[in-house]
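Okay, protein-v6.pdb is below, PDB, C-alpha atoms:
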```
ATOM      1  CA  ASP A   1       0.000   0.000   0.000  1.00  0.00           C
ATOM      2  CA  ALA A   2       1.600   3.251  -1.165  1.00  0.00           C
ATOM      3  CA  GLY A   3      -0.453   5.414   1.155  1.00  0.00           C
ATOM      4  CA  VAL A   4      -2.123   8.673   0.175  1.00  0.00           C
ATOM      5  CA  ILE A   5      -0.189  10.218  -2.700  1.00  0.00           C
ATOM      6  CA  GLN A   6      -0.145  13.941  -3.343  1.00  0.00           C
ATOM      7  CA  SER A   7       1.372  15.817  -6.231  1.00  0.00           C
ATOM      8  CA  PRO A   8       3.220  18.004  -6.742  1.00  0.00           C
ATOM      9  CA  ARG A   9       5.259  18.134  -3.517  1.00  0.00           C
ATOM     10  CA  HIS A  10       6.172  21.751  -4.139  1.00  0.00           C
ATOM     11  CA  GLU A  11       4.556  24.355  -6.365  1.00  0.00           C
ATOM     12  CA  VAL A  12       5.697  27.905  -6.971  1.00  0.00           C
ATOM     13  CA  THR A  13       3.434  30.016  -9.124  1.00  0.00           C
ATOM     14  CA  GLU A  14       2.777  33.622  -9.959  1.00  0.00           C
ATOM     15  CA  MET A  15      -0.237  35.465  -8.668  1.00  0.00           C
ATOM     16  CA  GLY A  16      -3.189  35.071 -10.994  1.00  0.00           C
ATOM     17  CA  GLN A  17      -2.196  31.666 -12.299  1.00  0.00           C
ATOM     18  CA  GLU A  18      -4.315  28.557 -11.945  1.00  0.00           C
ATOM     19  CA  VAL A  19      -3.017  25.894  -9.565  1.00  0.00           C
ATOM     20  CA  THR A  20      -4.168  22.271  -9.437  1.00  0.00           C
ATOM     21  CA  LEU A  21      -3.265  19.993  -6.564  1.00  0.00           C
ATOM     22  CA  ARG A  22      -3.780  16.261  -6.868  1.00  0.00           C
ATOM     23  CA  CYS A  23      -4.497  13.466  -4.427  1.00  0.00           C
ATOM     24  CA  LYS A  24      -4.763   9.702  -4.821  1.00  0.00           C
ATOM     25  CA  LEU A  25      -6.589   7.904  -2.026  1.00  0.00           C
ATOM     26  CA  ILE A  26      -5.640   4.611  -0.474  1.00  0.00           C
ATOM     27  CA  SER A  27      -7.426   1.799  -2.248  1.00  0.00           C
ATOM     28  CA  GLY A  28     -10.648   0.941  -0.435  1.00  0.00           C
ATOM     29  CA  HIS A  29     -10.928   4.263   1.376  1.00  0.00           C
ATOM     30  CA  ASN A  30     -14.184   6.082   0.719  1.00  0.00           C
ATOM     31  CA  SER A  31     -13.691   9.411   2.478  1.00  0.00           C
ATOM     32  CA  LEU A  32     -11.397  12.190   1.329  1.00  0.00           C
ATOM     33  CA  PHE A  33     -10.435  15.385   3.151  1.00  0.00           C
ATOM     34  CA  TRP A  34      -8.551  18.471   2.006  1.00  0.00           C
ATOM     35  CA  TYR A  35      -6.790  20.501   4.706  1.00  0.00           C
ATOM     36  CA  ARG A  36      -4.704  23.660   4.595  1.00  0.00           C
ATOM     37  CA  GLN A  37      -1.949  24.388   7.116  1.00  0.00           C
ATOM     38  CA  THR A  38      -0.536  27.829   7.831  1.00  0.00           C
ATOM     39  CA  MET A  39       1.388  29.241  10.753  1.00  0.00           C
ATOM     40  CA  MET A  40      -1.380  31.703  11.531  1.00  0.00           C
ATOM     41  CA  ARG A  41      -4.412  29.433  11.281  1.00  0.00           C
ATOM     42  CA  GLY A  42      -3.032  25.955  11.866  1.00  0.00           C
ATOM     43  CA  LEU A  43      -4.784  23.016  10.191  1.00  0.00           C
ATOM     44  CA  GLU A  44      -8.109  23.934   8.606  1.00  0.00           C
ATOM     45  CA  LEU A  45     -10.527  21.556   6.919  1.00  0.00           C
ATOM     46  CA  LEU A  46     -11.430  22.877   3.489  1.00  0.00           C
ATOM     47  CA  ILE A  47     -13.760  20.185   2.179  1.00  0.00           C
ATOM     48  CA  TYR A  48     -14.583  16.543   2.618  1.00  0.00           C
ATOM     49  CA  PHE A  49     -16.090  13.918   0.364  1.00  0.00           C
ATOM     50  CA  ASN A  50     -17.777  10.659   1.224  1.00  0.00           C
ATOM     51  CA  ASN A  51     -18.271   8.122  -1.564  1.00  0.00           C
ATOM     52  CA  ASN A  52     -17.256  10.758  -4.135  1.00  0.00           C
ATOM     53  CA  VAL A  53     -19.912  13.212  -2.938  1.00  0.00           C
ATOM     54  CA  PRO A  54     -18.928  16.545  -1.352  1.00  0.00           C
ATOM     55  CA  ILE A  55     -20.447  16.520   2.130  1.00  0.00           C
ATOM     56  CA  ASP A  56     -19.147  19.728   3.649  1.00  0.00           C
ATOM     57  CA  ASP A  57     -17.373  22.519   1.780  1.00  0.00           C
ATOM     58  CA  SER A  58     -17.938  25.209   4.382  1.00  0.00           C
ATOM     59  CA  GLY A  59     -14.195  25.545   4.889  1.00  0.00           C
ATOM     60  CA  MET A  60     -13.464  26.498   1.294  1.00  0.00           C
ATOM     61  CA  PRO A  61     -12.269  30.089   1.663  1.00  0.00           C
ATOM     62  CA  GLU A  62     -13.893  31.573  -1.426  1.00  0.00           C
ATOM     63  CA  ASP A  63     -15.082  30.889  -4.935  1.00  0.00           C
ATOM     64  CA  ARG A  64     -11.548  30.811  -6.245  1.00  0.00           C
ATOM     65  CA  PHE A  65     -11.236  27.378  -4.641  1.00  0.00           C
ATOM     66  CA  SER A  66     -12.909  24.298  -6.079  1.00  0.00           C
ATOM     67  CA  ALA A  67     -12.515  20.570  -5.457  1.00  0.00           C
ATOM     68  CA  LYS A  68     -13.600  17.547  -7.399  1.00  0.00           C
ATOM     69  CA  MET A  69     -13.590  13.817  -6.980  1.00  0.00           C
ATOM     70  CA  PRO A  70     -14.082  12.404 -10.469  1.00  0.00           C
ATOM     71  CA  ASN A  71     -13.710   8.809  -9.274  1.00  0.00           C
ATOM     72  CA  ALA A  72     -13.351   6.824  -6.092  1.00  0.00           C
ATOM     73  CA  SER A  73      -9.585   7.056  -5.951  1.00  0.00           C
ATOM     74  CA  PHE A  74      -8.661  10.556  -7.107  1.00  0.00           C
ATOM     75  CA  SER A  75      -9.326  14.163  -6.171  1.00  0.00           C
ATOM     76  CA  THR A  76      -8.189  17.593  -7.287  1.00  0.00           C
ATOM     77  CA  LEU A  77      -8.138  20.955  -5.537  1.00  0.00           C
ATOM     78  CA  LYS A  78      -8.004  23.918  -7.879  1.00  0.00           C
ATOM     79  CA  ILE A  79      -7.277  27.550  -7.120  1.00  0.00           C
ATOM     80  CA  GLN A  80      -8.072  30.033  -9.867  1.00  0.00           C
ATOM     81  CA  PRO A  81      -6.808  32.719  -9.781  1.00  0.00           C
ATOM     82  CA  SER A  82      -4.175  32.160  -7.122  1.00  0.00           C
ATOM     83  CA  GLU A  83      -3.157  34.886  -4.662  1.00  0.00           C
ATOM     84  CA  PRO A  84      -0.138  35.238  -2.351  1.00  0.00           C
ATOM     85  CA  ARG A  85      -2.345  34.627   0.711  1.00  0.00           C
ATOM     86  CA  ASP A  86      -3.067  31.143  -0.651  1.00  0.00           C
ATOM     87  CA  SER A  87       0.514  30.163   0.151  1.00  0.00           C
ATOM     88  CA  ALA A  88       0.340  27.222   2.565  1.00  0.00           C
ATOM     89  CA  VAL A  89       0.830  23.485   2.811  1.00  0.00           C
ATOM     90  CA  TYR A  90      -2.180  21.619   1.461  1.00  0.00           C
ATOM     91  CA  PHE A  91      -2.817  18.123   2.757  1.00  0.00           C
ATOM     92  CA  CYS A  92      -5.266  15.522   1.696  1.00  0.00           C
ATOM     93  CA  ALA A  93      -6.248  12.624   3.916  1.00  0.00           C
ATOM     94  CA  SER A  94      -8.371   9.554   3.404  1.00  0.00           C
ATOM     95  CA  SER A  95     -10.278   7.185   5.633  1.00  0.00           C
ATOM     96  CA  SER A  96     -12.145   3.929   5.278  1.00  0.00           C
ATOM     97  CA  GLY A  97     -14.186   4.363   8.396  1.00  0.00           C
ATOM     98  CA  ILE A  98     -14.447   6.674  11.311  1.00  0.00           C
ATOM     99  CA  THR A  99     -13.003   4.192  13.781  1.00  0.00           C
ATOM    100  CA  LEU A 100      -9.804   3.886  11.809  1.00  0.00           C
ATOM    101  CA  GLY A 101      -8.850   7.528  11.707  1.00  0.00           C
ATOM    102  CA  TYR A 102      -7.161   9.404   8.917  1.00  0.00           C
ATOM    103  CA  THR A 103      -4.141   8.722   6.768  1.00  0.00           C
ATOM    104  CA  PHE A 104      -2.538  11.920   5.484  1.00  0.00           C
ATOM    105  CA  GLY A 105      -0.557  12.458   2.319  1.00  0.00           C
ATOM    106  CA  SER A 106       2.823  14.176   2.401  1.00  0.00           C
ATOM    107  CA  GLY A 107       1.327  17.535   1.472  1.00  0.00           C
ATOM    108  CA  THR A 108       1.882  20.087  -1.287  1.00  0.00           C
ATOM    109  CA  ARG A 109       3.776  23.234  -0.328  1.00  0.00           C
ATOM    110  CA  LEU A 110       2.277  26.040  -2.416  1.00  0.00           C
ATOM    111  CA  THR A 111       4.010  29.381  -2.794  1.00  0.00           C
ATOM    112  CA  VAL A 112       2.262  32.125  -4.745  1.00  0.00           C
ATOM    113  CA  VAL A 113       4.531  35.047  -5.596  1.00  0.00           C
TER     114      VAL A 113
ATOM    115  CA  GLY T   1     -18.011  25.431  17.588  1.00  0.00           C
ATOM    116  CA  ILE T   2     -15.850  23.108  19.634  1.00  0.00           C
ATOM    117  CA  GLN T   3     -12.667  24.592  21.063  1.00  0.00           C
ATOM    118  CA  VAL T   4      -9.611  22.363  21.357  1.00  0.00           C
ATOM    119  CA  GLU T   5      -6.780  23.437  23.640  1.00  0.00           C
ATOM    120  CA  GLN T   6      -3.475  21.635  23.935  1.00  0.00           C
ATOM    121  CA  SER T   7      -0.855  22.012  26.610  1.00  0.00           C
ATOM    122  CA  PRO T   8       1.931  22.694  26.989  1.00  0.00           C
ATOM    123  CA  PRO T   9       2.480  24.629  23.755  1.00  0.00           C
ATOM    124  CA  ASP T  10       6.197  23.851  23.822  1.00  0.00           C
ATOM    125  CA  LEU T  11       8.218  21.158  25.542  1.00  0.00           C
ATOM    126  CA  ILE T  12      11.926  20.401  25.595  1.00  0.00           C
ATOM    127  CA  LEU T  13      13.101  17.057  26.958  1.00  0.00           C
ATOM    128  CA  GLN T  14      16.330  15.237  27.404  1.00  0.00           C
ATOM    129  CA  GLU T  15      16.462  11.896  25.616  1.00  0.00           C
ATOM    130  CA  GLY T  16      15.094   9.154  27.869  1.00  0.00           C
ATOM    131  CA  ALA T  17      12.657  11.391  29.749  1.00  0.00           C
ATOM    132  CA  ASN T  18       8.910  10.819  29.963  1.00  0.00           C
ATOM    133  CA  SER T  19       6.220  13.358  29.138  1.00  0.00           C
ATOM    134  CA  THR T  20       2.475  13.906  29.183  1.00  0.00           C
ATOM    135  CA  LEU T  21       0.655  16.023  26.619  1.00  0.00           C
ATOM    136  CA  ARG T  22      -2.865  17.190  27.281  1.00  0.00           C
ATOM    137  CA  CYS T  23      -5.844  17.975  25.051  1.00  0.00           C
ATOM    138  CA  ASN T  24      -8.934  19.679  26.465  1.00  0.00           C
ATOM    139  CA  PHE T  25     -12.106  20.136  24.452  1.00  0.00           C
ATOM    140  CA  SER T  26     -15.076  22.343  25.141  1.00  0.00           C
ATOM    141  CA  ASP T  27     -17.956  20.069  24.191  1.00  0.00           C
ATOM    142  CA  SER T  28     -18.903  16.416  23.946  1.00  0.00           C
ATOM    143  CA  VAL T  29     -17.099  14.560  21.211  1.00  0.00           C
ATOM    144  CA  ASN T  30     -17.466  11.125  19.709  1.00  0.00           C
ATOM    145  CA  ASN T  31     -14.212  10.974  17.807  1.00  0.00           C
ATOM    146  CA  LEU T  32     -10.673  11.859  18.794  1.00  0.00           C
ATOM    147  CA  GLN T  33      -7.325  11.309  17.123  1.00  0.00           C
ATOM    148  CA  TRP T  34      -3.717  12.089  18.013  1.00  0.00           C
ATOM    149  CA  PHE T  35      -1.230  12.930  15.271  1.00  0.00           C
ATOM    150  CA  HIS T  36       2.503  13.515  15.128  1.00  0.00           C
ATOM    151  CA  GLN T  37       3.872  15.960  12.561  1.00  0.00           C
ATOM    152  CA  ASN T  38       7.541  15.205  12.120  1.00  0.00           C
ATOM    153  CA  PRO T  39      10.158  17.861  11.289  1.00  0.00           C
ATOM    154  CA  TRP T  40       9.692  17.098   7.577  1.00  0.00           C
ATOM    155  CA  GLY T  41       6.009  17.969   7.790  1.00  0.00           C
ATOM    156  CA  GLN T  42       4.542  14.489   7.524  1.00  0.00           C
ATOM    157  CA  LEU T  43       1.385  13.942   9.615  1.00  0.00           C
ATOM    158  CA  ILE T  44       1.232  10.487  11.167  1.00  0.00           C
ATOM    159  CA  ASN T  45      -1.842   9.086  12.850  1.00  0.00           C
ATOM    160  CA  LEU T  46      -0.887   7.820  16.306  1.00  0.00           C
ATOM    161  CA  PHE T  47      -4.207   6.854  17.865  1.00  0.00           C
ATOM    162  CA  TYR T  48      -7.895   6.905  17.226  1.00  0.00           C
ATOM    163  CA  ILE T  49      -9.150   7.085  20.808  1.00  0.00           C
ATOM    164  CA  PRO T  50     -12.626   8.495  21.513  1.00  0.00           C
ATOM    165  CA  SER T  51     -12.541   6.884  24.960  1.00  0.00           C
ATOM    166  CA  GLY T  52     -10.460   4.543  27.066  1.00  0.00           C
ATOM    167  CA  THR T  53      -6.771   3.773  26.864  1.00  0.00           C
ATOM    168  CA  LYS T  54      -4.543   2.482  24.079  1.00  0.00           C
ATOM    169  CA  GLN T  55      -0.860   1.710  23.916  1.00  0.00           C
ATOM    170  CA  ASN T  56       1.540   1.413  21.018  1.00  0.00           C
ATOM    171  CA  GLY T  57       5.132   0.815  22.030  1.00  0.00           C
ATOM    172  CA  ARG T  58       6.445   3.789  24.007  1.00  0.00           C
ATOM    173  CA  LEU T  59       3.296   5.780  23.330  1.00  0.00           C
ATOM    174  CA  SER T  60      -0.020   5.506  25.073  1.00  0.00           C
ATOM    175  CA  ALA T  61      -3.156   7.610  25.164  1.00  0.00           C
ATOM    176  CA  THR T  62      -6.118   7.974  27.459  1.00  0.00           C
ATOM    177  CA  THR T  63      -9.359   9.803  26.761  1.00  0.00           C
ATOM    178  CA  VAL T  64     -11.889  10.622  29.467  1.00  0.00           C
ATOM    179  CA  ALA T  65     -14.755  11.804  27.315  1.00  0.00           C
ATOM    180  CA  THR T  66     -17.047  12.643  30.235  1.00  0.00           C
ATOM    181  CA  GLU T  67     -14.440  15.074  31.564  1.00  0.00           C
ATOM    182  CA  ARG T  68     -13.530  16.353  28.087  1.00  0.00           C
ATOM    183  CA  TYR T  69      -9.848  15.649  27.960  1.00  0.00           C
ATOM    184  CA  SER T  70      -7.296  13.314  26.453  1.00  0.00           C
ATOM    185  CA  LEU T  71      -3.691  12.617  27.413  1.00  0.00           C
ATOM    186  CA  LEU T  72      -0.805  11.379  25.310  1.00  0.00           C
ATOM    187  CA  TYR T  73       2.080   9.764  27.177  1.00  0.00           C
ATOM    188  CA  ILE T  74       5.532   9.430  25.704  1.00  0.00           C
ATOM    189  CA  SER T  75       7.954   7.261  27.646  1.00  0.00           C
ATOM    190  CA  SER T  76      11.712   7.006  27.203  1.00  0.00           C
ATOM    191  CA  SER T  77      11.654   9.778  24.625  1.00  0.00           C
ATOM    192  CA  GLN T  78      13.945   9.651  21.607  1.00  0.00           C
ATOM    193  CA  THR T  79      15.149  12.385  19.275  1.00  0.00           C
ATOM    194  CA  THR T  80      12.867  10.956  16.590  1.00  0.00           C
ATOM    195  CA  ASP T  81       9.888  11.884  18.772  1.00  0.00           C
ATOM    196  CA  SER T  82      10.571  15.557  18.038  1.00  0.00           C
ATOM    197  CA  GLY T  83       7.905  17.426  16.133  1.00  0.00           C
ATOM    198  CA  VAL T  84       4.408  18.723  16.769  1.00  0.00           C
ATOM    199  CA  TYR T  85       1.680  16.627  18.353  1.00  0.00           C
ATOM    200  CA  PHE T  86      -1.890  17.435  17.405  1.00  0.00           C
ATOM    201  CA  CYS T  87      -5.148  16.384  18.967  1.00  0.00           C
ATOM    202  CA  ALA T  88      -8.199  16.410  16.668  1.00  0.00           C
ATOM    203  CA  VAL T  89     -11.805  15.975  17.793  1.00  0.00           C
ATOM    204  CA  GLY T  90     -15.065  15.344  16.002  1.00  0.00           C
ATOM    205  CA  THR T  91     -18.724  15.010  16.859  1.00  0.00           C
ATOM    206  CA  SER T  92     -21.192  12.233  16.171  1.00  0.00           C
ATOM    207  CA  GLY T  93     -22.298  11.534  12.643  1.00  0.00           C
ATOM    208  CA  THR T  94     -19.564  13.480  10.960  1.00  0.00           C
ATOM    209  CA  TYR T  95     -16.054  12.901   9.738  1.00  0.00           C
ATOM    210  CA  LYS T  96     -15.249  16.551  10.385  1.00  0.00           C
ATOM    211  CA  TYR T  97     -12.396  17.006  12.844  1.00  0.00           C
ATOM    212  CA  ILE T  98     -11.250  20.176  14.587  1.00  0.00           C
ATOM    213  CA  PHE T  99      -7.517  20.305  15.239  1.00  0.00           C
ATOM    214  CA  GLY T 100      -5.870  21.813  18.294  1.00  0.00           C
ATOM    215  CA  THR T 101      -2.928  24.186  17.978  1.00  0.00           C
ATOM    216  CA  GLY T 102      -0.475  21.451  18.889  1.00  0.00           C
ATOM    217  CA  THR T 103       2.358  20.801  21.331  1.00  0.00           C
ATOM    218  CA  ARG T 104       5.815  21.357  19.863  1.00  0.00           C
ATOM    219  CA  LEU T 105       8.223  18.780  21.338  1.00  0.00           C
ATOM    220  CA  LYS T 106      11.975  18.854  21.041  1.00  0.00           C
ATOM    221  CA  VAL T 107      13.988  15.924  22.380  1.00  0.00           C
ATOM    222  CA  LEU T 108      17.681  16.619  22.932  1.00  0.00           C
ATOM    223  CA  ALA T 109      20.334  13.940  22.555  1.00  0.00           C
TER     224      ALA T 109
END
```

Kindly return the structure encoded in the file as C-alpha cells.
Amino acid sequence: DAGVIQSPRHEVTEMGQEVTLRCKLISGHNSLFWYRQTMMRGLELLIYFNNNVPIDDSGMPEDRFSAKMPNASFSTLKIQPSEPRDSAVYFCASSSGITLGYTFGSGTRLTVV
Amino acid sequence: GIQVEQSPPDLILQEGANSTLRCNFSDSVNNLQWFHQNPWGQLINLFYIPSGTKQNGRLSATTVATERYSLLYISSSQTTDSGVYFCAVGTSGTYKYIFGTGTRLKVLA
C-alpha cells in the first residue's frame, strides 16, 4: 500500500495563475479530506467527500477554490486565480471508516509570488 | 463550535525522559485522534481514541470523554519523537475534525 499520494510536492506560481493539486486515495478508502496548514491558522478543513460526494465545503475560503472527486480514488483541488495569501501546505487525507482515523498524504507546499 | 486546547504549547526534553501532553475540548465529542507531525512535515496518525486507553510501544493515550480531555504519554523519549503533536476531535455523525494548535516537542540527545 503506497499510502495517500499527493502531487506536486512543491509548487511555486505567480499570482493570478491557476493551480491544481492532486491526491490519490488509499485503495478501499471512501472518504477524502482536504486541509490547509498555515502558521497563523493551523490546520483547517477545506472540504470533505464521502463516496465521491462533497459533504461539507464550508471551509473552502472563497469561490476561487474548487474541489472535485471524479472517481473513487482521485481528487483535485483547484485555485483560480491564485493569490499570495493562498501560500500554505495543502494536505489531503483519506479514511475507510471513522473508527480507523485518517491517513494523510505528504502535502503540497504552495508558494504564490 | 468546539474549542480544542493543547498544553503545553512547547516542551523540551532530554532523551530518555517521559512526558504527558494534554488535550482539552469544550464540548462532547465522539471521535478523537492524536497525530505527530515530524520535522519534515509528515502527519502520522498515532491513535484513534474516543474513549479509554490504548498503547503502542512507548506511546499511550487515554481519553476521558465525560471530563472532556485526552492525554498522550511518551515514555523514554527519543530524538525521533521531536515534532508537533496534534489532537483532533469530532462530533457524532460526521467525519469533520477540529484540530488543536499542537504541542511542539523537542527531544535533545

Give me, as JSON lines, the closest atom pair and its distance (Å, one decimal) for every residue of chain A within a cut-off of 12 Å of chain T, counting only C-alpha atoms, rows sorted by chain and rising number.
```
{"residue": "A:Gly3", "atom": "CA", "partner": "T:Ile44", "partner_atom": "CA", "distance": 11.3}
{"residue": "A:Val4", "atom": "CA", "partner": "T:Leu43", "partner_atom": "CA", "distance": 11.4}
{"residue": "A:Gln6", "atom": "CA", "partner": "T:Gln42", "partner_atom": "CA", "distance": 11.8}
{"residue": "A:Arg9", "atom": "CA", "partner": "T:Gly41", "partner_atom": "CA", "distance": 11.3}
{"residue": "A:Asn30", "atom": "CA", "partner": "T:Tyr95", "partner_atom": "CA", "distance": 11.5}
{"residue": "A:Ser31", "atom": "CA", "partner": "T:Tyr95", "partner_atom": "CA", "distance": 8.4}
{"residue": "A:Leu32", "atom": "CA", "partner": "T:Tyr95", "partner_atom": "CA", "distance": 9.6}
{"residue": "A:Phe33", "atom": "CA", "partner": "T:Lys96", "partner_atom": "CA", "distance": 8.8}
{"residue": "A:Trp34", "atom": "CA", "partner": "T:Lys96", "partner_atom": "CA", "distance": 10.9}
{"residue": "A:Tyr35", "atom": "CA", "partner": "T:Tyr97", "partner_atom": "CA", "distance": 10.5}
{"residue": "A:Arg36", "atom": "CA", "partner": "T:Phe99", "partner_atom": "CA", "distance": 11.5}
{"residue": "A:Gln37", "atom": "CA", "partner": "T:Gly41", "partner_atom": "CA", "distance": 10.2}
{"residue": "A:Thr38", "atom": "CA", "partner": "T:Thr101", "partner_atom": "CA", "distance": 11.0}
{"residue": "A:Met39", "atom": "CA", "partner": "T:Thr101", "partner_atom": "CA", "distance": 9.8}
{"residue": "A:Met40", "atom": "CA", "partner": "T:Thr101", "partner_atom": "CA", "distance": 10.0}
{"residue": "A:Arg41", "atom": "CA", "partner": "T:Thr101", "partner_atom": "CA", "distance": 8.6}
{"residue": "A:Gly42", "atom": "CA", "partner": "T:Thr101", "partner_atom": "CA", "distance": 6.4}
{"residue": "A:Leu43", "atom": "CA", "partner": "T:Phe99", "partner_atom": "CA", "distance": 6.3}
{"residue": "A:Glu44", "atom": "CA", "partner": "T:Phe99", "partner_atom": "CA", "distance": 7.6}
{"residue": "A:Leu45", "atom": "CA", "partner": "T:Tyr97", "partner_atom": "CA", "distance": 7.7}
{"residue": "A:Leu46", "atom": "CA", "partner": "T:Lys96", "partner_atom": "CA", "distance": 10.1}
{"residue": "A:Ile47", "atom": "CA", "partner": "T:Lys96", "partner_atom": "CA", "distance": 9.1}
{"residue": "A:Tyr48", "atom": "CA", "partner": "T:Lys96", "partner_atom": "CA", "distance": 7.8}
{"residue": "A:Phe49", "atom": "CA", "partner": "T:Tyr95", "partner_atom": "CA", "distance": 9.4}
{"residue": "A:Asn50", "atom": "CA", "partner": "T:Tyr95", "partner_atom": "CA", "distance": 9.0}
{"residue": "A:Ile55", "atom": "CA", "partner": "T:Thr94", "partner_atom": "CA", "distance": 9.4}
{"residue": "A:Asp56", "atom": "CA", "partner": "T:Lys96", "partner_atom": "CA", "distance": 8.4}
{"residue": "A:Asp57", "atom": "CA", "partner": "T:Lys96", "partner_atom": "CA", "distance": 10.7}
{"residue": "A:Ser58", "atom": "CA", "partner": "T:Lys96", "partner_atom": "CA", "distance": 10.9}
{"residue": "A:Gly59", "atom": "CA", "partner": "T:Lys96", "partner_atom": "CA", "distance": 10.6}
{"residue": "A:Val89", "atom": "CA", "partner": "T:Gly41", "partner_atom": "CA", "distance": 9.1}
{"residue": "A:Tyr90", "atom": "CA", "partner": "T:Gly41", "partner_atom": "CA", "distance": 11.0}
{"residue": "A:Phe91", "atom": "CA", "partner": "T:Leu43", "partner_atom": "CA", "distance": 9.1}
{"residue": "A:Cys92", "atom": "CA", "partner": "T:Leu43", "partner_atom": "CA", "distance": 10.5}
{"residue": "A:Ala93", "atom": "CA", "partner": "T:Leu43", "partner_atom": "CA", "distance": 9.6}
{"residue": "A:Ser94", "atom": "CA", "partner": "T:Tyr95", "partner_atom": "CA", "distance": 10.5}
{"residue": "A:Ser95", "atom": "CA", "partner": "T:Tyr95", "partner_atom": "CA", "distance": 9.1}
{"residue": "A:Ser96", "atom": "CA", "partner": "T:Tyr95", "partner_atom": "CA", "distance": 10.8}
{"residue": "A:Gly97", "atom": "CA", "partner": "T:Tyr95", "partner_atom": "CA", "distance": 8.8}
{"residue": "A:Ile98", "atom": "CA", "partner": "T:Tyr95", "partner_atom": "CA", "distance": 6.6}
{"residue": "A:Thr99", "atom": "CA", "partner": "T:Tyr48", "partner_atom": "CA", "distance": 6.7}
{"residue": "A:Leu100", "atom": "CA", "partner": "T:Tyr48", "partner_atom": "CA", "distance": 6.5}
{"residue": "A:Gly101", "atom": "CA", "partner": "T:Tyr48", "partner_atom": "CA", "distance": 5.6}
{"residue": "A:Tyr102", "atom": "CA", "partner": "T:Asn45", "partner_atom": "CA", "distance": 6.6}
{"residue": "A:Thr103", "atom": "CA", "partner": "T:Asn45", "partner_atom": "CA", "distance": 6.5}
{"residue": "A:Phe104", "atom": "CA", "partner": "T:Leu43", "partner_atom": "CA", "distance": 6.0}
{"residue": "A:Gly105", "atom": "CA", "partner": "T:Gln42", "partner_atom": "CA", "distance": 7.6}
{"residue": "A:Ser106", "atom": "CA", "partner": "T:Gln42", "partner_atom": "CA", "distance": 5.4}
{"residue": "A:Gly107", "atom": "CA", "partner": "T:Gln42", "partner_atom": "CA", "distance": 7.5}
{"residue": "A:Thr108", "atom": "CA", "partner": "T:Gly41", "partner_atom": "CA", "distance": 10.2}
{"residue": "A:Arg109", "atom": "CA", "partner": "T:Gly41", "partner_atom": "CA", "distance": 9.9}
```

Residues selected by the PyMOL selection byres ((chain A and resi 76) around 6), written as a ChimeraX atom specification | /A:21-22,67-68,75,77

Between T:Asn38, T:Thr63, T:Gln55, T:Ser19, which one has atoms that come closest to Val84 (chain T), using all atoms listed in the file?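 Answer, going by the shortest atom-to-atom distance: T:Asn38.
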
Evaluate the PyMOL selection byres ((chain T and resi 8) around 10) against this structure - the residues, as a PDB file with C-alpha atoms, in the coordinates of the input, please.
```pdb
ATOM      1  CA  GLU T   5      -6.780  23.437  23.640  1.00  0.00           C
ATOM      2  CA  GLN T   6      -3.475  21.635  23.935  1.00  0.00           C
ATOM      3  CA  SER T   7      -0.855  22.012  26.610  1.00  0.00           C
ATOM      4  CA  PRO T   9       2.480  24.629  23.755  1.00  0.00           C
ATOM      5  CA  ASP T  10       6.197  23.851  23.822  1.00  0.00           C
ATOM      6  CA  LEU T  11       8.218  21.158  25.542  1.00  0.00           C
ATOM      7  CA  THR T  20       2.475  13.906  29.183  1.00  0.00           C
ATOM      8  CA  LEU T  21       0.655  16.023  26.619  1.00  0.00           C
ATOM      9  CA  ARG T  22      -2.865  17.190  27.281  1.00  0.00           C
ATOM     10  CA  CYS T  23      -5.844  17.975  25.051  1.00  0.00           C
ATOM     11  CA  GLY T 102      -0.475  21.451  18.889  1.00  0.00           C
ATOM     12  CA  THR T 103       2.358  20.801  21.331  1.00  0.00           C
ATOM     13  CA  ARG T 104       5.815  21.357  19.863  1.00  0.00           C
ATOM     14  CA  LEU T 105       8.223  18.780  21.338  1.00  0.00           C
TER      15      LEU T 105
END
```

Using only C-alpha atoms, the shortest atom-to-atom distance to Thr111 (chain A) among A:Ile5, A:Ala88, A:Val53, A:Ile79 belongs to A:Ala88

Worksheet item: Just how far from CA of Glu14 (chain A) is CA of Pro39 (chain T), in Å to one decimal?
Response: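 Computing it gives 27.5 Å between the two atoms.
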
Determine, counting all atoms listed in the file, which protein, DNA and RNA residues have an atom within 9 Å of an atom of Thr62 (chain T); residues of the same chain fewer than 5 positions away are not included. Present the result as a PDB file with C-alpha atoms, in the frame of the given file.
```pdb
ATOM      1  CA  ILE T  49      -9.150   7.085  20.808  1.00  0.00           C
ATOM      2  CA  PRO T  50     -12.626   8.495  21.513  1.00  0.00           C
ATOM      3  CA  SER T  51     -12.541   6.884  24.960  1.00  0.00           C
ATOM      4  CA  GLY T  52     -10.460   4.543  27.066  1.00  0.00           C
ATOM      5  CA  THR T  53      -6.771   3.773  26.864  1.00  0.00           C
ATOM      6  CA  LYS T  54      -4.543   2.482  24.079  1.00  0.00           C
ATOM      7  CA  GLN T  55      -0.860   1.710  23.916  1.00  0.00           C
ATOM      8  CA  TYR T  69      -9.848  15.649  27.960  1.00  0.00           C
ATOM      9  CA  SER T  70      -7.296  13.314  26.453  1.00  0.00           C
ATOM     10  CA  LEU T  71      -3.691  12.617  27.413  1.00  0.00           C
ATOM     11  CA  LEU T  72      -0.805  11.379  25.310  1.00  0.00           C
ATOM     12  CA  TYR T  73       2.080   9.764  27.177  1.00  0.00           C
TER      13      TYR T  73
END
```

Nearby residues, (-15.4, 17.4, 33.3) file frame, 10 Å, all atoms listed in the file, as a VMD selection string = chain T and resid 24 to 27 64 to 69

Next on the checklist: Just checking: using only C-alpha atoms, which residue out of T:Gly16, T:Thr91, T:Ser82, T:Ala109 ends up closest to Gln37 (chain T)?
Outcome noted: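 Of all the options, T:Ser82 lies closest to Gln37 (chain T).
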
In Å, with one decimal, what is the gap from CA of Glu18 (chain A) to CA of Glu83 (chain A)?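 Between these atoms lies a distance of 9.7 Å.
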
Can we get region 1-9 of chain T of that structure written down with C-alpha atoms, as a CSV table (one decimal), in the first residue's frame?
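Below is the file that was written, selection_22.csv:
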```csv
chain,number,residue,atom,x,y,z
T,1,GLY,CA,-18.0,25.4,17.6
T,2,ILE,CA,-15.8,23.1,19.6
T,3,GLN,CA,-12.7,24.6,21.1
T,4,VAL,CA,-9.6,22.4,21.4
T,5,GLU,CA,-6.8,23.4,23.6
T,6,GLN,CA,-3.5,21.6,23.9
T,7,SER,CA,-0.9,22.0,26.6
T,8,PRO,CA,1.9,22.7,27.0
T,9,PRO,CA,2.5,24.6,23.8
```
